[in-house]
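Novice: Contents of final_6.cif (mmCIF, N, CA and C atoms):
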```
data_final
loop_
_atom_site.group_PDB
_atom_site.id
_atom_site.type_symbol
_atom_site.label_atom_id
_atom_site.label_comp_id
_atom_site.auth_asym_id
_atom_site.auth_seq_id
_atom_site.Cartn_x
_atom_site.Cartn_y
_atom_site.Cartn_z
ATOM 1 N N MET A 1336 7.288 -28.321 -28.229
ATOM 2 C CA MET A 1336 6.212 -28.441 -27.262
ATOM 3 C C MET A 1336 6.734 -28.255 -25.843
ATOM 4 N N ARG A 1337 7.919 -28.783 -25.565
ATOM 5 C CA ARG A 1337 8.492 -28.673 -24.225
ATOM 6 C C ARG A 1337 8.772 -27.205 -23.874
ATOM 7 N N LEU A 1338 9.276 -26.441 -24.840
ATOM 8 C CA LEU A 1338 9.551 -25.014 -24.624
ATOM 9 C C LEU A 1338 8.262 -24.266 -24.315
ATOM 10 N N ARG A 1339 7.193 -24.614 -25.008
ATOM 11 C CA ARG A 1339 5.899 -23.981 -24.764
ATOM 12 C C ARG A 1339 5.419 -24.256 -23.340
ATOM 13 N N ASN A 1340 5.585 -25.479 -22.846
ATOM 14 C CA ASN A 1340 5.200 -25.823 -21.479
ATOM 15 C C ASN A 1340 6.033 -25.050 -20.457
ATOM 16 N N LEU A 1341 7.336 -24.919 -20.715
ATOM 17 C CA LEU A 1341 8.204 -24.167 -19.802
ATOM 18 C C LEU A 1341 7.803 -22.693 -19.745
ATOM 19 N N ILE A 1342 7.464 -22.121 -20.890
ATOM 20 C CA ILE A 1342 7.022 -20.722 -20.920
ATOM 21 C C ILE A 1342 5.713 -20.570 -20.158
ATOM 22 N N PHE A 1343 4.807 -21.516 -20.336
ATOM 23 C CA PHE A 1343 3.518 -21.470 -19.644
ATOM 24 C C PHE A 1343 3.706 -21.549 -18.129
ATOM 25 N N ILE A 1344 4.519 -22.491 -17.678
ATOM 26 C CA ILE A 1344 4.784 -22.659 -16.238
ATOM 27 C C ILE A 1344 5.494 -21.418 -15.687
ATOM 28 N N GLY A 1345 6.446 -20.877 -16.443
ATOM 29 C CA GLY A 1345 7.140 -19.659 -16.016
ATOM 30 C C GLY A 1345 6.177 -18.490 -15.869
ATOM 31 N N GLY A 1346 5.204 -18.403 -16.772
ATOM 32 C CA GLY A 1346 4.194 -17.344 -16.687
ATOM 33 C C GLY A 1346 3.328 -17.486 -15.456
ATOM 34 N N ILE A 1347 2.958 -18.726 -15.130
ATOM 35 C CA ILE A 1347 2.150 -18.966 -13.928
ATOM 36 C C ILE A 1347 2.939 -18.591 -12.678
ATOM 37 N N ILE A 1348 4.196 -18.964 -12.614
ATOM 38 C CA ILE A 1348 5.034 -18.640 -11.457
ATOM 39 C C ILE A 1348 5.194 -17.120 -11.335
ATOM 40 N N ALA A 1349 5.479 -16.445 -12.430
ATOM 41 C CA ALA A 1349 5.645 -14.988 -12.402
ATOM 42 C C ALA A 1349 4.353 -14.307 -11.965
ATOM 43 N N GLY A 1350 3.222 -14.795 -12.432
ATOM 44 C CA GLY A 1350 1.932 -14.224 -12.029
ATOM 45 C C GLY A 1350 1.665 -14.427 -10.553
ATOM 46 N N GLY A 1351 1.993 -15.597 -10.044
ATOM 47 C CA GLY A 1351 1.814 -15.867 -8.612
ATOM 48 C C GLY A 1351 2.681 -14.970 -7.755
ATOM 49 N N VAL A 1352 3.921 -14.774 -8.161
ATOM 50 C CA VAL A 1352 4.827 -13.886 -7.421
ATOM 51 C C VAL A 1352 4.292 -12.459 -7.446
ATOM 52 N N ALA A 1353 3.794 -12.013 -8.597
ATOM 53 C CA ALA A 1353 3.243 -10.650 -8.707
ATOM 54 C C ALA A 1353 2.053 -10.465 -7.782
ATOM 55 N N ILE A 1354 1.203 -11.478 -7.666
ATOM 56 C CA ILE A 1354 0.049 -11.398 -6.772
ATOM 57 C C ILE A 1354 0.498 -11.336 -5.319
ATOM 58 N N LEU A 1355 1.461 -12.163 -4.946
ATOM 59 C CA LEU A 1355 1.923 -12.186 -3.559
ATOM 60 C C LEU A 1355 2.679 -10.926 -3.158
ATOM 61 N N LEU A 1356 3.440 -10.365 -4.068
ATOM 62 C CA LEU A 1356 4.262 -9.204 -3.742
ATOM 63 C C LEU A 1356 3.642 -7.888 -4.181
ATOM 64 N N GLY A 1357 2.510 -7.926 -4.830
ATOM 65 C CA GLY A 1357 1.861 -6.718 -5.332
ATOM 66 C C GLY A 1357 1.274 -5.872 -4.219
ATOM 67 N N PRO A 1358 0.614 -4.772 -4.592
ATOM 68 C CA PRO A 1358 0.047 -3.869 -3.588
ATOM 69 C C PRO A 1358 -1.030 -4.557 -2.763
ATOM 70 N N LYS A 1359 -1.046 -4.240 -1.504
ATOM 71 C CA LYS A 1359 -2.024 -4.808 -0.583
ATOM 72 C C LYS A 1359 -3.198 -3.841 -0.448
ATOM 73 N N PRO A 1360 -4.382 -4.343 -0.126
ATOM 74 C CA PRO A 1360 -5.513 -3.435 0.077
ATOM 75 C C PRO A 1360 -5.257 -2.542 1.289
ATOM 76 N N ALA A 1361 -5.717 -1.309 1.208
ATOM 77 C CA ALA A 1361 -5.504 -0.351 2.292
ATOM 78 C C ALA A 1361 -6.654 -0.450 3.288
ATOM 79 N N PHE A 1362 -6.315 -0.656 4.538
ATOM 80 C CA PHE A 1362 -7.292 -0.663 5.607
ATOM 81 C C PHE A 1362 -7.035 0.541 6.486
ATOM 82 N N ALA A 1363 -8.084 1.190 6.934
ATOM 83 C CA ALA A 1363 -7.939 2.391 7.752
ATOM 84 C C ALA A 1363 -7.237 2.047 9.057
ATOM 85 N N ASP A 1364 -6.275 2.878 9.424
ATOM 86 C CA ASP A 1364 -5.580 2.711 10.692
ATOM 87 C C ASP A 1364 -6.360 3.364 11.825
ATOM 88 N N THR A 1365 -7.121 4.406 11.495
ATOM 89 C CA THR A 1365 -8.007 5.053 12.455
ATOM 90 C C THR A 1365 -9.363 5.199 11.781
ATOM 91 N N LEU A 1366 -10.386 4.703 12.420
ATOM 92 C CA LEU A 1366 -11.735 4.764 11.880
ATOM 93 C C LEU A 1366 -12.668 5.183 13.009
ATOM 94 N N LYS A 1367 -13.319 6.340 12.865
ATOM 95 C CA LYS A 1367 -14.219 6.840 13.909
ATOM 96 C C LYS A 1367 -15.534 7.270 13.294
ATOM 97 N N THR A 1368 -16.616 7.004 14.029
ATOM 98 C CA THR A 1368 -17.943 7.468 13.642
ATOM 99 C C THR A 1368 -18.328 8.617 14.554
ATOM 100 N N TYR A 1369 -18.711 9.732 13.963
ATOM 101 C CA TYR A 1369 -19.116 10.919 14.712
ATOM 102 C C TYR A 1369 -20.606 11.147 14.553
ATOM 103 N N ARG A 1370 -21.257 11.533 15.663
ATOM 104 C CA ARG A 1370 -22.659 11.928 15.646
ATOM 105 C C ARG A 1370 -22.714 13.386 16.086
ATOM 106 N N CYS A 1371 -23.442 14.182 15.328
ATOM 107 C CA CYS A 1371 -23.457 15.624 15.563
ATOM 108 C C CYS A 1371 -24.761 16.063 16.219
ATOM 109 N N GLN A 1372 -24.727 17.247 16.824
ATOM 110 C CA GLN A 1372 -25.897 17.777 17.520
ATOM 111 C C GLN A 1372 -27.061 18.058 16.587
ATOM 112 N N ASP A 1373 -26.786 18.310 15.302
ATOM 113 C CA ASP A 1373 -27.874 18.566 14.359
ATOM 114 C C ASP A 1373 -28.461 17.270 13.788
ATOM 115 N N GLY A 1374 -27.989 16.115 14.275
ATOM 116 C CA GLY A 1374 -28.515 14.825 13.839
ATOM 117 C C GLY A 1374 -27.719 14.166 12.727
ATOM 118 N N SER A 1375 -26.768 14.876 12.159
ATOM 119 C CA SER A 1375 -25.963 14.281 11.089
ATOM 120 C C SER A 1375 -24.928 13.319 11.674
ATOM 121 N N GLU A 1376 -24.419 12.460 10.826
ATOM 122 C CA GLU A 1376 -23.443 11.457 11.230
ATOM 123 C C GLU A 1376 -22.435 11.300 10.104
ATOM 124 N N PHE A 1377 -21.176 11.109 10.462
ATOM 125 C CA PHE A 1377 -20.157 10.862 9.452
ATOM 126 C C PHE A 1377 -19.077 9.962 10.005
ATOM 127 N N VAL A 1378 -18.386 9.291 9.097
ATOM 128 C CA VAL A 1378 -17.299 8.388 9.460
ATOM 129 C C VAL A 1378 -16.004 8.965 8.896
ATOM 130 N N VAL A 1379 -14.948 8.954 9.710
ATOM 131 C CA VAL A 1379 -13.634 9.441 9.282
ATOM 132 C C VAL A 1379 -12.658 8.277 9.292
ATOM 133 N N ALA A 1380 -11.894 8.145 8.209
ATOM 134 C CA ALA A 1380 -10.836 7.138 8.121
ATOM 135 C C ALA A 1380 -9.518 7.858 7.865
ATOM 136 N N LEU A 1381 -8.502 7.505 8.653
ATOM 137 C CA LEU A 1381 -7.150 8.031 8.465
ATOM 138 C C LEU A 1381 -6.216 6.857 8.230
ATOM 139 N N TYR A 1382 -5.288 7.026 7.300
ATOM 140 C CA TYR A 1382 -4.358 5.965 6.933
ATOM 141 C C TYR A 1382 -2.940 6.379 7.296
ATOM 142 N N ASP A 1383 -2.193 5.475 7.919
ATOM 143 C CA ASP A 1383 -0.817 5.769 8.314
ATOM 144 C C ASP A 1383 0.054 6.139 7.123
ATOM 145 N N TYR A 1384 -0.148 5.473 5.982
ATOM 146 C CA TYR A 1384 0.717 5.737 4.835
ATOM 147 C C TYR A 1384 0.562 7.170 4.323
ATOM 148 N N GLU A 1385 -0.534 7.839 4.661
ATOM 149 C CA GLU A 1385 -0.726 9.234 4.262
ATOM 150 C C GLU A 1385 -0.227 10.214 5.314
ATOM 151 N N ARG A 1386 0.176 9.687 6.462
ATOM 152 C CA ARG A 1386 0.701 10.487 7.573
ATOM 153 C C ARG A 1386 -0.258 11.605 7.990
ATOM 154 N N GLY A 1387 -1.549 11.325 7.981
ATOM 155 C CA GLY A 1387 -2.537 12.294 8.439
ATOM 156 C C GLY A 1387 -2.770 13.459 7.500
ATOM 157 N N ARG A 1388 -2.294 13.374 6.265
ATOM 158 C CA ARG A 1388 -2.456 14.483 5.325
ATOM 159 C C ARG A 1388 -3.862 14.586 4.758
ATOM 160 N N THR A 1389 -4.630 13.502 4.830
ATOM 161 C CA THR A 1389 -5.982 13.492 4.272
ATOM 162 C C THR A 1389 -6.923 12.739 5.206
ATOM 163 N N ALA A 1390 -8.108 13.312 5.425
ATOM 164 C CA ALA A 1390 -9.165 12.627 6.161
ATOM 165 C C ALA A 1390 -10.187 12.157 5.135
ATOM 166 N N HIS A 1391 -10.494 10.884 5.156
ATOM 167 C CA HIS A 1391 -11.478 10.317 4.232
ATOM 168 C C HIS A 1391 -12.804 10.214 4.974
ATOM 169 N N LEU A 1392 -13.800 10.925 4.488
ATOM 170 C CA LEU A 1392 -15.103 10.981 5.147
ATOM 171 C C LEU A 1392 -16.159 10.251 4.345
ATOM 172 N N GLN A 1393 -17.102 9.685 5.058
ATOM 173 C CA GLN A 1393 -18.336 9.175 4.482
ATOM 174 C C GLN A 1393 -19.415 10.054 5.091
ATOM 175 N N LEU A 1394 -19.982 10.954 4.275
ATOM 176 C CA LEU A 1394 -20.942 11.946 4.766
ATOM 177 C C LEU A 1394 -22.091 12.041 3.777
ATOM 178 N N ASP A 1395 -23.300 11.899 4.269
ATOM 179 C CA ASP A 1395 -24.497 11.966 3.424
ATOM 180 C C ASP A 1395 -24.426 10.989 2.253
ATOM 181 N N GLY A 1396 -23.866 9.811 2.486
ATOM 182 C CA GLY A 1396 -23.781 8.790 1.453
ATOM 183 C C GLY A 1396 -22.714 9.032 0.410
ATOM 184 N N LYS A 1397 -21.864 10.021 0.637
ATOM 185 C CA LYS A 1397 -20.803 10.337 -0.319
ATOM 186 C C LYS A 1397 -19.442 10.159 0.322
ATOM 187 N N ALA A 1398 -18.486 9.689 -0.474
ATOM 188 C CA ALA A 1398 -17.108 9.563 -0.014
ATOM 189 C C ALA A 1398 -16.372 10.852 -0.363
ATOM 190 N N LEU A 1399 -15.724 11.444 0.628
ATOM 191 C CA LEU A 1399 -14.996 12.694 0.441
ATOM 192 C C LEU A 1399 -13.579 12.548 0.965
ATOM 193 N N ALA A 1400 -12.639 13.157 0.290
ATOM 194 C CA ALA A 1400 -11.250 13.203 0.754
ATOM 195 C C ALA A 1400 -10.939 14.659 1.076
ATOM 196 N N LEU A 1401 -10.732 14.947 2.368
ATOM 197 C CA LEU A 1401 -10.458 16.313 2.802
ATOM 198 C C LEU A 1401 -8.983 16.455 3.149
ATOM 199 N N PRO A 1402 -8.254 17.304 2.421
ATOM 200 C CA PRO A 1402 -6.843 17.519 2.746
ATOM 201 C C PRO A 1402 -6.685 18.278 4.063
ATOM 202 N N LYS A 1403 -5.571 18.023 4.731
ATOM 203 C CA LYS A 1403 -5.264 18.717 5.979
ATOM 204 C C LYS A 1403 -4.919 20.168 5.660
ATOM 205 N N ARG A 1404 -5.424 21.090 6.472
ATOM 206 C CA ARG A 1404 -5.186 22.522 6.301
ATOM 207 C C ARG A 1404 -4.530 23.085 7.551
ATOM 208 N N VAL A 1405 -3.990 24.258 7.428
ATOM 209 C CA VAL A 1405 -3.380 24.935 8.571
ATOM 210 C C VAL A 1405 -4.483 25.334 9.542
ATOM 211 N N ALA A 1406 -4.262 25.086 10.827
ATOM 212 C CA ALA A 1406 -5.231 25.438 11.867
ATOM 213 C C ALA A 1406 -4.519 26.214 12.965
ATOM 214 N N MET A 1407 -5.236 27.147 13.579
ATOM 215 C CA MET A 1407 -4.650 27.930 14.676
ATOM 216 C C MET A 1407 -4.313 27.018 15.857
ATOM 217 N N SER A 1408 -5.194 26.080 16.153
ATOM 218 C CA SER A 1408 -4.924 25.082 17.182
ATOM 219 C C SER A 1408 -5.683 23.819 16.823
ATOM 220 N N GLY A 1409 -5.083 22.691 17.050
ATOM 221 C CA GLY A 1409 -5.727 21.431 16.735
ATOM 222 C C GLY A 1409 -5.536 21.031 15.281
ATOM 223 N N LEU A 1410 -6.547 20.340 14.720
ATOM 224 C CA LEU A 1410 -6.490 19.813 13.350
ATOM 225 C C LEU A 1410 -7.663 20.340 12.541
ATOM 226 N N ARG A 1411 -7.428 20.557 11.258
ATOM 227 C CA ARG A 1411 -8.510 20.972 10.366
ATOM 228 C C ARG A 1411 -8.310 20.311 9.014
ATOM 229 N N TYR A 1412 -9.375 19.673 8.540
ATOM 230 C CA TYR A 1412 -9.407 19.073 7.215
ATOM 231 C C TYR A 1412 -10.539 19.749 6.461
ATOM 232 N N SER A 1413 -10.263 20.195 5.231
ATOM 233 C CA SER A 1413 -11.262 20.992 4.531
ATOM 234 C C SER A 1413 -11.149 20.835 3.023
ATOM 235 N N LYS A 1414 -12.325 20.872 2.374
ATOM 236 C CA LYS A 1414 -12.390 20.901 0.909
ATOM 237 C C LYS A 1414 -13.736 21.512 0.533
ATOM 238 N N ASP A 1415 -13.680 22.458 -0.393
ATOM 239 C CA ASP A 1415 -14.874 23.173 -0.835
ATOM 240 C C ASP A 1415 -15.566 23.795 0.378
ATOM 241 N N ASP A 1416 -16.842 23.488 0.604
ATOM 242 C CA ASP A 1416 -17.554 24.104 1.723
ATOM 243 C C ASP A 1416 -17.711 23.171 2.921
ATOM 244 N N ILE A 1417 -16.938 22.084 2.964
ATOM 245 C CA ILE A 1417 -17.014 21.129 4.081
ATOM 246 C C ILE A 1417 -15.689 21.131 4.828
ATOM 247 N N SER A 1418 -15.757 21.257 6.153
ATOM 248 C CA SER A 1418 -14.541 21.148 6.962
ATOM 249 C C SER A 1418 -14.843 20.454 8.277
ATOM 250 N N VAL A 1419 -13.859 19.716 8.754
ATOM 251 C CA VAL A 1419 -13.920 19.052 10.051
ATOM 252 C C VAL A 1419 -12.743 19.579 10.851
ATOM 253 N N THR A 1420 -13.039 20.093 12.039
ATOM 254 C CA THR A 1420 -12.007 20.684 12.888
ATOM 255 C C THR A 1420 -12.064 20.050 14.266
ATOM 256 N N THR A 1421 -10.901 19.708 14.799
ATOM 257 C CA THR A 1421 -10.794 19.231 16.177
ATOM 258 C C THR A 1421 -9.809 20.150 16.890
ATOM 259 N N ASN A 1422 -10.285 20.808 17.965
ATOM 260 C CA ASN A 1422 -9.394 21.726 18.673
ATOM 261 C C ASN A 1422 -8.568 20.972 19.714
ATOM 262 N N LYS A 1423 -7.690 21.680 20.389
ATOM 263 C CA LYS A 1423 -6.800 21.036 21.366
ATOM 264 C C LYS A 1423 -7.555 20.424 22.527
ATOM 265 N N ALA A 1424 -8.760 20.916 22.801
ATOM 266 C CA ALA A 1424 -9.580 20.356 23.875
ATOM 267 C C ALA A 1424 -10.287 19.076 23.438
ATOM 268 N N GLY A 1425 -10.159 18.721 22.139
ATOM 269 C CA GLY A 1425 -10.770 17.497 21.637
ATOM 270 C C GLY A 1425 -12.190 17.674 21.126
ATOM 271 N N ILE A 1426 -12.659 18.923 20.999
ATOM 272 C CA ILE A 1426 -14.012 19.176 20.493
ATOM 273 C C ILE A 1426 -13.965 19.208 18.972
ATOM 274 N N THR A 1427 -14.815 18.390 18.350
ATOM 275 C CA THR A 1427 -14.855 18.284 16.890
ATOM 276 C C THR A 1427 -16.082 19.003 16.358
ATOM 277 N N THR A 1428 -15.879 19.813 15.319
ATOM 278 C CA THR A 1428 -16.996 20.495 14.676
ATOM 279 C C THR A 1428 -17.011 20.150 13.191
ATOM 280 N N LEU A 1429 -18.223 20.086 12.660
ATOM 281 C CA LEU A 1429 -18.443 19.859 11.237
ATOM 282 C C LEU A 1429 -19.070 21.116 10.673
ATOM 283 N N LYS A 1430 -18.466 21.643 9.624
ATOM 284 C CA LYS A 1430 -18.999 22.839 8.978
ATOM 285 C C LYS A 1430 -19.355 22.491 7.545
ATOM 286 N N ARG A 1431 -20.618 22.738 7.194
ATOM 287 C CA ARG A 1431 -21.099 22.536 5.818
ATOM 288 C C ARG A 1431 -21.708 23.850 5.371
ATOM 289 N N GLY A 1432 -21.005 24.547 4.506
ATOM 290 C CA GLY A 1432 -21.462 25.873 4.110
ATOM 291 C C GLY A 1432 -21.419 26.792 5.311
ATOM 292 N N LYS A 1433 -22.553 27.374 5.674
ATOM 293 C CA LYS A 1433 -22.603 28.273 6.831
ATOM 294 C C LYS A 1433 -23.058 27.559 8.096
ATOM 295 N N ARG A 1434 -23.472 26.297 7.970
ATOM 296 C CA ARG A 1434 -23.928 25.535 9.132
ATOM 297 C C ARG A 1434 -22.755 24.908 9.863
ATOM 298 N N VAL A 1435 -22.678 25.128 11.154
ATOM 299 C CA VAL A 1435 -21.630 24.545 12.007
ATOM 300 C C VAL A 1435 -22.314 23.783 13.127
ATOM 301 N N THR A 1436 -21.837 22.570 13.381
ATOM 302 C CA THR A 1436 -22.398 21.770 14.460
ATOM 303 C C THR A 1436 -21.284 21.033 15.192
ATOM 304 N N GLU A 1437 -21.475 20.842 16.478
ATOM 305 C CA GLU A 1437 -20.507 20.107 17.303
ATOM 306 C C GLU A 1437 -20.809 18.615 17.200
ATOM 307 N N CYS A 1438 -19.751 17.821 17.146
ATOM 308 C CA CYS A 1438 -19.893 16.374 16.958
ATOM 309 C C CYS A 1438 -19.047 15.618 17.976
ATOM 310 N N GLY A 1439 -19.421 14.386 18.245
ATOM 311 C CA GLY A 1439 -18.665 13.543 19.157
ATOM 312 C C GLY A 1439 -18.748 12.087 18.750
ATOM 313 N N THR A 1440 -17.902 11.279 19.345
ATOM 314 C CA THR A 1440 -17.853 9.856 19.019
ATOM 315 C C THR A 1440 -18.677 8.990 19.956
ATOM 316 N N ASN A 1441 -19.420 9.569 20.866
ATOM 317 C CA ASN A 1441 -20.212 8.792 21.843
ATOM 318 C C ASN A 1441 -21.354 8.098 21.177
#
```
Let me see the file written as structure tokens.

Specialist:
Amino acid sequence: MRLRNLIFIGGIIAGGVAILLGPKPAFADTLKTYRCQDGSEFVVALYDYERGRTAHLQLDGKALALPKRVAMSGLRYSKDDISVTTNKAGITTLKRGKRVTECGTN
């Protein structure tokens, strides 16, 4: 019986250590809400652990992960027919299919 109690206590301790040292929830390091000229709105989250390789968007009620793409100037994140581009002047555009609109954080 004593051995069973020791195993039980050891299991509780090991579980507690796993909870304390386990993975932590990811919180966005950069979170911005953009409003566009066509009336659309989206939220972008960037995480430091990804080093800016992916922009996580909330657009039209859907969560999207857009990988970073090569851009002539500035930043571009794109997947399928959706892309978000910010040029060196800081102007952000949202492209959905053939529709392009300028967006800002104001």

Novice: Restricting the calculation to all atoms listed in the file, which member of A:Ser1418, A:Gln1393, A:Thr1427, A:Thr1365 is positioned closest to Leu1381 of chain A?

Specialist: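 Going through A:Ser1418, A:Gln1393, A:Thr1427, A:Thr1365 one by one, the smallest distance to Leu1381 of chain A is for A:Thr1365.
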
Novice: May I ask for the distance between atom C of Ala1398 of chain A and atom N of Ile1426 of chain A, given in Å to one decimal place?

Specialist: 23.1 Å

Novice: Could you spell out the hits of the PyMOL selection byres ((chain A and resi 1400) around 8) on the shown file, as a count of residues only?

Specialist: 15

Novice: Enter the distance from atom CA of Val1435 of chain A to atom CA of Lys1423 of chain A, in Å, rounded to one decimal.

Specialist: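 Between atom CA of Val1435 of chain A and atom CA of Lys1423 of chain A the gap is 17.9 Å.
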
Novice: Please compute the atom CA of Lys1367 of chain A-atom CA of Met1407 of chain A distance, one decimal, in Å.

Specialist: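 Straight-line distance from atom CA of Lys1367 of chain A to atom CA of Met1407 of chain A works out to 23.2 Å.
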
Novice: Leaving out Cys1371 of chain A and any residue of its chain fewer than 2 positions from it, which residues lie within 6.5 Å of it when counting all atoms listed in the file, given as a list in words?

Specialist: Tyr1369, Asp1373, Gly1374, Ser1375, Glu1376, Phe1377, Thr1436, Glu1437, Cys1438 and Gly1439 of chain A

Novice: Would you mind telling me which residue in A:Thr1420, A:Asp1415, A:Ser1408, A:Arg1370 lies nearest to Gly1432 of chain A when using all atoms listed in the file?

Specialist: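 The shortest atom-to-atom distance to Gly1432 of chain A comes from A:Asp1415.
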
Novice: Once the PyMOL selection byres (((chain A and resi 1364 and name CA) around 12) and name CA) has been applied to the shown file, what residues remain in the selection, as a list in words?

Specialist: Ala1361, Phe1362, Ala1363, Thr1365, Leu1366, Lys1367, Val1379, Ala1380, Leu1381, Tyr1382, Asp1383, Tyr1384, Glu1385, Arg1386, Gly1387, Ala1390 and His1391 of chain A

Novice: With N, CA and C atoms retained, could you export that selection as a compact mmCIF listing (two decimals), keeping the file's coordinate frame?

Specialist:
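The result, written out as again.txt:
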```txt
# COMPACT_ATOMS: atom_id res chain seq x y z
N ALA A 1361 -5.72 -1.31 1.21
CA ALA A 1361 -5.50 -0.35 2.29
C ALA A 1361 -6.65 -0.45 3.29
N PHE A 1362 -6.32 -0.66 4.54
CA PHE A 1362 -7.29 -0.66 5.61
C PHE A 1362 -7.04 0.54 6.49
N ALA A 1363 -8.08 1.19 6.93
CA ALA A 1363 -7.94 2.39 7.75
C ALA A 1363 -7.24 2.05 9.06
N THR A 1365 -7.12 4.41 11.50
CA THR A 1365 -8.01 5.05 12.46
C THR A 1365 -9.36 5.20 11.78
N LEU A 1366 -10.39 4.70 12.42
CA LEU A 1366 -11.74 4.76 11.88
C LEU A 1366 -12.67 5.18 13.01
N LYS A 1367 -13.32 6.34 12.86
CA LYS A 1367 -14.22 6.84 13.91
C LYS A 1367 -15.53 7.27 13.29
N VAL A 1379 -14.95 8.95 9.71
CA VAL A 1379 -13.63 9.44 9.28
C VAL A 1379 -12.66 8.28 9.29
N ALA A 1380 -11.89 8.14 8.21
CA ALA A 1380 -10.84 7.14 8.12
C ALA A 1380 -9.52 7.86 7.86
N LEU A 1381 -8.50 7.50 8.65
CA LEU A 1381 -7.15 8.03 8.46
C LEU A 1381 -6.22 6.86 8.23
N TYR A 1382 -5.29 7.03 7.30
CA TYR A 1382 -4.36 5.96 6.93
C TYR A 1382 -2.94 6.38 7.30
N ASP A 1383 -2.19 5.48 7.92
CA ASP A 1383 -0.82 5.77 8.31
C ASP A 1383 0.05 6.14 7.12
N TYR A 1384 -0.15 5.47 5.98
CA TYR A 1384 0.72 5.74 4.84
C TYR A 1384 0.56 7.17 4.32
N GLU A 1385 -0.53 7.84 4.66
CA GLU A 1385 -0.73 9.23 4.26
C GLU A 1385 -0.23 10.21 5.31
N ARG A 1386 0.18 9.69 6.46
CA ARG A 1386 0.70 10.49 7.57
C ARG A 1386 -0.26 11.60 7.99
N GLY A 1387 -1.55 11.32 7.98
CA GLY A 1387 -2.54 12.29 8.44
C GLY A 1387 -2.77 13.46 7.50
N ALA A 1390 -8.11 13.31 5.42
CA ALA A 1390 -9.16 12.63 6.16
C ALA A 1390 -10.19 12.16 5.14
N HIS A 1391 -10.49 10.88 5.16
CA HIS A 1391 -11.48 10.32 4.23
C HIS A 1391 -12.80 10.21 4.97
```
